[in-house]
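run_25.tsv follows (TSV, C-alpha atoms):
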```
chain	number	residue	atom	x	y	z
A	4	MET	CA	-25.82	-9.39	27.30
A	5	LEU	CA	-26.81	-5.87	26.25
A	6	ARG	CA	-28.88	-7.13	23.33
A	7	PHE	CA	-30.69	-9.47	25.73
A	8	ALA	CA	-31.42	-6.51	28.02
A	9	ARG	CA	-32.83	-4.61	25.02
A	10	TRP	CA	-34.97	-7.64	24.10
A	11	CYS	CA	-36.30	-7.84	27.67
A	12	TYR	CA	-37.16	-4.14	27.63
A	13	ARG	CA	-39.00	-4.39	24.29
A	14	HIS	CA	-41.00	-7.39	25.58
A	15	HIS	CA	-42.09	-5.60	28.78
A	16	VAL	CA	-39.76	-7.47	31.13
A	17	SER	CA	-38.17	-4.20	32.24
A	18	PHE	CA	-37.17	-5.36	35.73
A	19	LEU	CA	-34.89	-8.00	34.17
A	20	ALA	CA	-33.60	-5.49	31.59
A	21	TYR	CA	-32.58	-3.05	34.31
A	22	PHE	CA	-31.11	-5.86	36.45
A	23	ILE	CA	-28.87	-6.87	33.51
A	24	THR	CA	-27.89	-3.23	33.01
A	25	ILE	CA	-26.97	-2.81	36.68
A	26	PHE	CA	-25.04	-6.11	36.69
A	27	ASN	CA	-23.11	-4.98	33.61
A	28	ASP	CA	-22.32	-1.67	35.30
A	29	PHE	CA	-21.09	-3.44	38.43
A	30	SER	CA	-19.03	-6.10	36.66
A	31	ALA	CA	-17.58	-4.20	33.70
A	32	GLY	CA	-17.97	-0.52	34.58
A	33	ILE	CA	-20.15	0.09	31.53
A	34	TRP	CA	-23.65	1.53	31.79
A	35	ILE	CA	-25.72	1.12	28.63
A	36	GLY	CA	-29.45	1.60	29.16
A	37	PRO	CA	-31.80	-1.11	27.89
A	38	GLN	CA	-33.56	1.35	25.58
A	39	VAL	CA	-30.39	2.12	23.60
A	40	GLU	CA	-30.46	1.02	19.95
A	41	ILE	CA	-27.07	-0.33	18.89
A	42	GLY	CA	-26.06	-1.33	15.35
A	43	LYS	CA	-23.78	-4.25	14.60
A	44	GLY	CA	-20.06	-4.03	15.16
A	45	LEU	CA	-19.93	-1.68	18.18
A	46	SER	CA	-16.42	-1.74	19.64
A	47	LEU	CA	-15.80	-0.64	23.23
A	48	GLY	CA	-12.03	-0.52	23.70
A	49	HIS	CA	-10.95	-0.18	27.34
A	50	ALA	CA	-14.56	0.58	28.05
A	51	ARG	CA	-14.49	1.22	31.81
A	52	GLY	CA	-16.55	4.30	32.51
A	53	VAL	CA	-18.60	4.33	29.31
A	54	VAL	CA	-22.10	5.68	29.95
A	55	ILE	CA	-24.78	5.59	27.25
A	56	ASN	CA	-28.11	7.02	28.35
A	57	PRO	CA	-31.53	5.76	27.21
A	58	ASN	CA	-33.02	7.00	23.94
A	59	THR	CA	-29.59	6.99	22.30
A	60	SER	CA	-29.18	5.44	18.87
A	61	ILE	CA	-25.78	4.15	17.73
A	62	GLY	CA	-25.09	3.12	14.12
A	63	GLU	CA	-22.99	0.28	12.76
A	64	TYR	CA	-19.24	-0.21	13.31
A	65	CYS	CA	-18.77	2.57	15.85
A	66	THR	CA	-15.81	2.68	18.22
A	67	MET	CA	-15.70	4.15	21.73
A	68	VAL	CA	-12.96	4.04	24.33
A	69	GLN	CA	-12.82	4.78	28.07
A	70	GLN	CA	-14.88	7.45	29.83
A	71	VAL	CA	-17.10	8.25	26.83
A	72	GLY	CA	-20.46	9.71	27.80
A	73	LEU	CA	-23.49	9.89	25.54
A	74	GLY	CA	-26.01	11.84	27.56
A	75	GLY	CA	-29.35	13.49	27.19
A	76	PRO	CA	-32.62	12.38	25.72
A	77	ARG	CA	-31.89	12.71	21.98
A	78	VAL	CA	-28.46	11.56	20.82
A	79	LYS	CA	-28.06	9.82	17.46
A	80	ILE	CA	-24.69	8.50	16.30
A	81	GLY	CA	-24.27	7.55	12.63
A	82	ASN	CA	-22.41	4.62	11.09
A	83	PHE	CA	-18.60	4.33	11.24
A	84	VAL	CA	-18.07	6.90	14.02
A	85	SER	CA	-14.99	6.86	16.25
A	86	ILE	CA	-15.28	8.57	19.65
A	87	GLY	CA	-12.06	9.28	21.57
A	88	ALA	CA	-11.33	8.86	25.27
A	89	GLY	CA	-13.24	11.14	27.60
A	90	ALA	CA	-15.43	12.64	24.88
A	91	LYS	CA	-18.93	13.73	25.90
A	92	ILE	CA	-21.91	14.08	23.57
A	93	ILE	CA	-24.74	15.90	25.32
A	94	SER	CA	-28.23	16.73	24.07
A	95	THR	CA	-31.34	18.29	25.57
A	96	GLU	CA	-35.00	17.73	24.83
A	97	ASP	CA	-35.17	20.83	22.62
A	98	ARG	CA	-31.66	20.45	21.13
A	99	PRO	CA	-31.04	16.98	19.70
A	100	VAL	CA	-27.50	16.01	18.71
A	101	GLU	CA	-26.93	13.97	15.57
A	102	ILE	CA	-23.50	12.84	14.43
A	103	GLY	CA	-23.27	11.88	10.75
A	104	ASP	CA	-21.52	8.90	9.19
A	105	PHE	CA	-17.70	8.64	9.05
A	106	VAL	CA	-16.96	11.11	11.84
A	107	ILE	CA	-14.00	11.12	14.21
A	108	ILE	CA	-14.57	12.82	17.56
A	109	GLY	CA	-11.35	13.66	19.35
A	110	ALA	CA	-10.43	12.75	22.91
A	111	GLY	CA	-11.90	15.08	25.50
A	112	ALA	CA	-14.28	16.80	23.08
A	113	VAL	CA	-17.59	18.10	24.40
A	114	VAL	CA	-20.15	17.90	21.59
A	115	THR	CA	-23.41	19.79	22.10
A	116	ARG	CA	-24.63	20.24	18.53
A	117	THR	CA	-25.13	18.31	15.31
A	118	PHE	CA	-22.21	17.58	12.95
A	119	PRO	CA	-22.39	16.42	9.32
A	120	SER	CA	-20.94	13.26	7.85
A	121	PHE	CA	-17.25	13.09	6.87
A	122	SER	CA	-16.03	15.39	9.67
A	123	ILE	CA	-13.30	15.52	12.27
A	124	VAL	CA	-14.57	17.12	15.48
A	125	ALA	CA	-12.56	18.21	18.53
A	126	GLY	CA	-12.43	20.79	21.28
A	127	VAL	CA	-14.53	22.23	24.07
A	128	PRO	CA	-17.10	23.01	22.81
A	129	GLY	CA	-16.80	20.61	19.89
A	130	ARG	CA	-16.20	22.17	16.50
A	131	ARG	CA	-15.55	20.77	13.07
A	132	LEU	CA	-11.83	20.99	12.37
A	133	ARG	CA	-11.89	19.75	8.79
A	134	PRO	CA	-13.41	17.16	6.47
A	135	ILE	CA	-12.14	13.61	6.73
A	136	SER	CA	-10.06	12.29	3.82
A	137	LEU	CA	-10.52	9.04	1.92
A	138	ASP	CA	-7.17	7.81	3.28
A	139	GLU	CA	-8.32	8.40	6.86
A	140	ILE	CA	-11.54	6.49	6.18
A	141	LYS	CA	-9.55	3.56	4.76
A	142	LYS	CA	-7.23	3.53	7.76
A	143	GLN	CA	-10.01	3.73	10.36
A	144	TRP	CA	-12.79	1.56	8.87
A	145	GLY	CA	-11.42	-0.01	5.67
A	146	ALA	CA	-11.91	-3.61	6.79
A	147	PHE	CA	-15.65	-3.11	7.36
A	148	ILE	CA	-16.65	-1.25	4.20
A	149	THR	CA	-18.08	-3.08	1.19
A	150	ASP	CA	-17.16	-2.24	-2.42
A	151	GLU	CA	-20.57	-0.65	-2.93
A	152	GLN	CA	-20.04	1.60	0.08
A	153	TRP	CA	-16.56	2.56	-1.19
A	154	ASN	CA	-18.09	3.70	-4.47
A	155	GLU	CA	-20.69	5.81	-2.66
A	156	ILE	CA	-18.09	7.32	-0.33
A	157	THR	CA	-15.79	8.21	-3.22
A	158	VAL	CA	-18.61	9.93	-5.11
A	159	VAL	CA	-19.74	11.88	-2.04
A	160	LEU	CA	-16.24	13.03	-1.14
A	161	LYS	CA	-15.49	14.12	-4.71
A	162	THR	CA	-18.78	15.93	-5.38
A	163	ASN	CA	-19.89	17.27	-1.99
A	164	ARG	CA	-16.62	18.36	-0.47
A	165	MET	CA	-17.54	20.53	2.50
A	166	PRO	CA	-15.45	23.60	3.38
```
Output the structure of this file as structure tokens.
Amino acid sequence: MLRFARWCYRHHVSFLAYFITIFNDFSAGIWIGPQVEIGKGLSLGHARGVVINPNTSIGEYCTMVQQVGLGGPRVKIGNFVSIGAGAKIISTEDRPVEIGDFVIIGAGAVVTRTFPSFSIVAGVPGRRLRPISLDEIKKQWGAFITDEQWNEITVVLKTNRMP
């Protein structure tokens, strides 16, 4: 239904796009604006209370659970990102927030700045706790990653290990 709302918005049938969005909010408790770009494989587990504001971009195979809020005009979520319950990602017009690929954001975190790929983020305000390990990537997203992607991930983690 959300992809149809996005299609309606892109084809200048915005009244129908917003009607679908409002119906989705009423019936499922999820508000995802029709302007939001969503990659394949988005998983909304126990999604009641999820709010994703317009102009947000979400990559492939991301996971969000209840009460997640993606707010502000310039939020970009990379591929293979897991966002815990109650986490908030907030941007402003002059301070965009970009979350890299293969990032885990802990429950209740409040993220107000950009974080690089291969990170674990938690806290209020959100801070990078440590890099993510190859074992954690396999456990979280192993079923969705191709052999080619595994090779790239292994090279990046071995050569560009961040402190």
Of the candidates A:Pro99, A:Ser136, A:Gly81, A:Lys141, which shows the shortest atom-to-atom distance to Lys161 (chain A), using all atoms listed in the file?
A:Ser136
Counting only C-alpha atoms, which residues come within 9 Å of (-20.3, 2.0, 12.4), with the point read in the file's coordinates, and could you list them as a compact mmCIF listing (two decimals) with C-alpha atoms, keeping the file's coordinate frame?
```txt
# COMPACT_ATOMS: atom_id res chain seq x y z
CA GLY A 42 -26.06 -1.33 15.35
CA LYS A 43 -23.78 -4.25 14.60
CA GLY A 44 -20.06 -4.03 15.16
CA LEU A 45 -19.93 -1.68 18.18
CA ILE A 61 -25.78 4.15 17.73
CA GLY A 62 -25.09 3.12 14.12
CA GLU A 63 -22.99 0.28 12.76
CA TYR A 64 -19.24 -0.21 13.31
CA CYS A 65 -18.77 2.57 15.85
CA THR A 66 -15.81 2.68 18.22
CA ILE A 80 -24.69 8.50 16.30
CA GLY A 81 -24.27 7.55 12.63
CA ASN A 82 -22.41 4.62 11.09
CA PHE A 83 -18.60 4.33 11.24
CA VAL A 84 -18.07 6.90 14.02
CA SER A 85 -14.99 6.86 16.25
CA ASP A 104 -21.52 8.90 9.19
CA PHE A 105 -17.70 8.64 9.05
CA TRP A 144 -12.79 1.56 8.87
CA PHE A 147 -15.65 -3.11 7.36
```
Computed interatomic separation between CA of Leu132 (chain A) and CA of Val158 (chain A) (Å):
21.8 Å
d(CA of Val100 (chain A), CA of Gly75 (chain A)) in Å
9.0 Å
Between CA of Ala90 (chain A) and CA of Ala110 (chain A), what is the spacing in Å?
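Calculated distance between CA of Ala110 (chain A) and CA of Ala90 (chain A) is 5.4 Å.
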Spatial neighbours of Gly129 (chain A), 10 Å, all atoms listed in the file, chain gap at least 2 places, as a PyMOL selection string:
chain A and resi 90-92+108-109+111-118+123-127+131-132
Give me, as a ChimeraX atom specification, all polymer residues having an atom no more than 7 Å from Val68 (chain A), counting all atoms listed in the file and skipping those fewer than 3 positions away in the same chain.
/A:47-50,71,86-88
Using only C-alpha atoms, determine which residues lie at most 8 Å from region 16-27 of chain A, disregarding the query and same-chain residues fewer than 5 positions distant; provide the list as a PyMOL selection string.
chain A and resi 4-5+7-11+32-37
Would you mind writing region 114-125 of chain A with N, CA and C atoms, as an mmCIF file, in the coordinates of the input?
```cif
data_model
loop_
_atom_site.group_PDB
_atom_site.id
_atom_site.type_symbol
_atom_site.label_atom_id
_atom_site.label_comp_id
_atom_site.auth_asym_id
_atom_site.auth_seq_id
_atom_site.Cartn_x
_atom_site.Cartn_y
_atom_site.Cartn_z
ATOM 1 N N VAL A 114 -19.307 17.645 22.762
ATOM 2 C CA VAL A 114 -20.150 17.900 21.590
ATOM 3 C C VAL A 114 -21.564 18.215 22.062
ATOM 4 N N THR A 115 -22.069 19.387 21.691
ATOM 5 C CA THR A 115 -23.410 19.790 22.100
ATOM 6 C C THR A 115 -24.292 20.188 20.922
ATOM 7 N N ARG A 116 -23.816 19.919 19.719
ATOM 8 C CA ARG A 116 -24.630 20.240 18.530
ATOM 9 C C ARG A 116 -24.405 19.188 17.455
ATOM 10 N N THR A 117 -25.177 19.267 16.403
ATOM 11 C CA THR A 117 -25.130 18.310 15.310
ATOM 12 C C THR A 117 -23.927 18.564 14.403
ATOM 13 N N PHE A 118 -23.317 17.470 13.908
ATOM 14 C CA PHE A 118 -22.210 17.580 12.950
ATOM 15 C C PHE A 118 -22.494 16.704 11.749
ATOM 16 N N PRO A 119 -22.111 17.176 10.544
ATOM 17 C CA PRO A 119 -22.390 16.420 9.320
ATOM 18 C C PRO A 119 -21.446 15.234 9.150
ATOM 19 N N SER A 120 -21.787 14.397 8.200
ATOM 20 C CA SER A 120 -20.940 13.260 7.850
ATOM 21 C C SER A 120 -19.584 13.740 7.340
ATOM 22 N N PHE A 121 -18.592 12.839 7.394
ATOM 23 C CA PHE A 121 -17.250 13.090 6.870
ATOM 24 C C PHE A 121 -16.570 14.279 7.559
ATOM 25 N N SER A 122 -16.610 14.289 8.901
ATOM 26 C CA SER A 122 -16.030 15.390 9.670
ATOM 27 C C SER A 122 -15.048 14.874 10.714
ATOM 28 N N ILE A 123 -14.136 15.744 11.101
ATOM 29 C CA ILE A 123 -13.300 15.520 12.270
ATOM 30 C C ILE A 123 -13.657 16.617 13.257
ATOM 31 N N VAL A 124 -14.062 16.197 14.466
ATOM 32 C CA VAL A 124 -14.570 17.120 15.480
ATOM 33 C C VAL A 124 -13.684 17.030 16.711
ATOM 34 N N ALA A 125 -13.357 18.192 17.296
ATOM 35 C CA ALA A 125 -12.560 18.210 18.530
ATOM 36 C C ALA A 125 -12.815 19.513 19.255
#
```
